[in-house]
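Working notes, beginning with the structure itself.
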Amino acid sequence: MLITLEETVKMINEGKILHIAADDSLLGKLPKGKWIGGTTPYFISEEGGIFTKEKLFVNEIDFAADIKVAVYGKYNIFQVVEECYDNGLTMMIMPYGSKVAAKYAKEAPEVEELLMHPIVGWISGFDLGGESEAKVYDGTSGESYTDRAVVMYIKLPEDKTAMINMINIFTDDKTDPVIRFYDNDLSVSKCSVNGQEVNFAQYIKKKGLDTKMPLVADYNGSYINTSIKEVSKDRVSFYAPVFKNIEYRFAVDVNDYSGEFRKRISEAGAHDPIMSCNCILNYQYGNLAGQKIPPYTGPVTFGEIAYQLLNQTLVYYEILG
Amino acid sequence: MDTAAREKLLKVLKGELKYTSTNLAFNMLISKMQKKIKEDPANEEMCMKEMDEFLTKYPIVAKVDLANIAAL
């Protein structure tokens with residue numbers, strides 16, 4: 001829920017366990033307490049998509065049996081897989097453009113045991129019209145970071161289970177060309193298209209492909225997006241890495257983002273999300289300002305984490321049992 | 001995991017049967033195991049063990065998905 005600074009301070013001082021997303025000008029004013037946070041001034045509220053530096057998006061973690069908070073850099077980020085509770089949920093926030101986020105994005109899919117522990121989170125961001133930088137906050141120490149991941153490990157009661165899922169409005173057309181990359185990377189020059197090596201940037205330009213549409217890869221029916229950041233003369237960079245040995249296709253065009261979200265939400269059936277986050281690219285490309293996609297509210301983020309880094313996706317978690 | 005479900009699950013991992021779960025982690029795990037088996041069929045046993053561990057840890061997933069897989 002989007003609430004005022006005063007209301008947030010009150011909840012912290014009452015000892016509530018909180019996940020907070022807000023502009024840096026507000027997060028920096030919060031007292032120490034049982035919370036973690038990340039910067040963004042973009043949200044999907046009950047009233048629709050909104051840009052605000054006046055309110056904070058707060059989720060109360062009222063189902064925890066216990067919590068612990070930790071901060072990691074790029075050299076120890078994968079300790080999250082070892083230090084998490086056996087029956088728990090790991091909530092992680094990393095700053096956009098940080099080395100720790102890049103390391104996690106590139107290597108997480110190969111980490112043993114990753115899928116055995118629910119890890120959900122997001123990449124913090126900033127006002128795209130300003131000059132601020134992405135930060136994360138460890139509320140227990142009051143410290144903020146531009147180059148660290150902040151993690152809240154949530155221990156669940158024995159009869160509860162955390163389930164992470166996503167709503168992805170993009171899909172592929174299986175008759176489209178298959179694109180493969182030669183390495184796990186955030187930027188590439190070459191790739192193969194239906195087995196033929198090409199320069200990817202030149203291929204995109206030649207075909208007139210819409211780079212607002214992500215590349216999609218089919219993970220046994222769950223589509224994982226990789227969004228294109230920039231196409232230069234002979235290189236293409238991405239917001240999340242592409243991986244070798246994965247088949248990609250360009251997503252089928254989506255014109256009505258909010259309508260497509262509502263359709264997918266309806267198809268997915270009833271869910272009771274505790275927290276969700278949606279991508280800034282969906283917010284921008286889909287003009288989600290003022291658009292409602294109930295029951296999914298939360299921060300608009302610069303990347304989403306559902307075990308691994310995702311792009312242009314709505315990620316949420318539920319507590320079952 | 002009963003024998004029927006185990007046999008069908010192995011076929012899913014080998015790409016001989018198609019099954020998509022509503023659970024993201026389960027789909028990601030199936031996809032990961034399919035690649036490992038494709039790289040080297042000798043990984044079959046290790047992959048089934050990993051599936052077993054996941055389904056034991058998440059009985060909520062196992063209850064629905066194993067029934068569906070057994071019925072394929």
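Within each chain, counting starts at residue 1; across the structure tokens, chains are named A, B, ... in the order shown, with ligands numbered 1 upward in that order.
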
Can you build me a table of chain B residues sitting at most 8 Å from chain A, with the closest atom pair per residue and its distance in Å to one decimal, using only C-alpha atoms, sorted by chain and residue number, as a Markdown table?
| residue | atom | partner | partner_atom | distance |
| --- | --- | --- | --- | --- |
| B:Tyr19 | CA | A:Asn220 | CA | 7.6 |
| B:Thr20 | CA | A:Gly221 | CA | 5.5 |
| B:Ser21 | CA | A:Gly221 | CA | 7.8 |
| B:Asn23 | CA | A:Asn165 | CA | 6.8 |
| B:Leu24 | CA | A:Asn165 | CA | 5.5 |
| B:Ala25 | CA | A:Leu115 | CA | 6.0 |
| B:Asn27 | CA | A:Asn220 | CA | 5.3 |
| B:Met28 | CA | A:Tyr219 | CA | 5.7 |
| B:Leu29 | CA | A:Leu115 | CA | 6.9 |
| B:Ile30 | CA | A:Asn220 | CA | 6.7 |
| B:Ser31 | CA | A:Tyr219 | CA | 5.3 |
| B:Phe54 | CA | A:Met116 | CA | 6.2 |
| B:Lys57 | CA | A:Met116 | CA | 7.9 |
| B:Tyr58 | CA | A:Thr161 | CA | 7.8 |

Using only C-alpha atoms, which residues sit within 12 Å of stretch 41-44 of chain B once same-chain residues fewer than 3 positions away are excluded, as an MDAnalysis selection string? chainID B and resid 6:7 9:15 32:38 47:51

Could you pull out all residues of stretch 55-199 of chain A with a DSSP call of strand (DSSP E or B) and give them as a ChimeraX atom specification? /A:56-60,66-72,88-95,119-124,136-138,143-145,149-155,161-167,179-181,185-188,190-193,196-199

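For the pair atom CA of A:Ala22 and atom CA of A:Ser141, the separation is 17.9 Å.
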
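Using only C-alpha atoms, the contacts of A:Leu156 at a cut-off of 6 Å, with sequence neighbours closer than 3 positions omitted, comprise Ala64, Ala65, Asn87 and Gly88 of chain A.
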
Write the selection just made, keeping all heavy atoms, as an mmCIF file, in the first residue's frame?
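Output file selection_30.cif is given in full below:
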data_model
loop_
_atom_site.group_PDB
_atom_site.id
_atom_site.type_symbol
_atom_site.label_atom_id
_atom_site.label_comp_id
_atom_site.auth_asym_id
_atom_site.auth_seq_id
_atom_site.Cartn_x
_atom_site.Cartn_y
_atom_site.Cartn_z
ATOM 1 N N ALA A 64 5.908 -13.795 9.242
ATOM 2 C CA ALA A 64 7.245 -14.331 9.523
ATOM 3 C C ALA A 64 7.330 -14.938 10.921
ATOM 4 O O ALA A 64 6.827 -14.364 11.887
ATOM 5 C CB ALA A 64 8.278 -13.222 9.392
ATOM 6 N N ALA A 65 7.991 -16.114 10.991
ATOM 7 C CA ALA A 65 8.295 -16.681 12.301
ATOM 8 C C ALA A 65 9.548 -16.006 12.852
ATOM 9 O O ALA A 65 9.738 -15.894 14.057
ATOM 10 C CB ALA A 65 8.515 -18.189 12.184
ATOM 11 N N ASN A 87 12.841 -23.550 5.538
ATOM 12 C CA ASN A 87 11.484 -23.226 5.081
ATOM 13 C C ASN A 87 11.314 -21.722 5.191
ATOM 14 O O ASN A 87 10.946 -21.193 6.248
ATOM 15 C CB ASN A 87 10.418 -23.940 5.910
ATOM 16 C CG ASN A 87 9.017 -23.609 5.396
ATOM 17 O OD1 ASN A 87 8.805 -23.448 4.194
ATOM 18 N ND2 ASN A 87 8.061 -23.471 6.301
ATOM 19 N N GLY A 88 11.619 -21.054 4.111
ATOM 20 C CA GLY A 88 11.575 -19.596 4.187
ATOM 21 C C GLY A 88 11.368 -18.943 2.847
ATOM 22 O O GLY A 88 11.040 -19.595 1.849
#
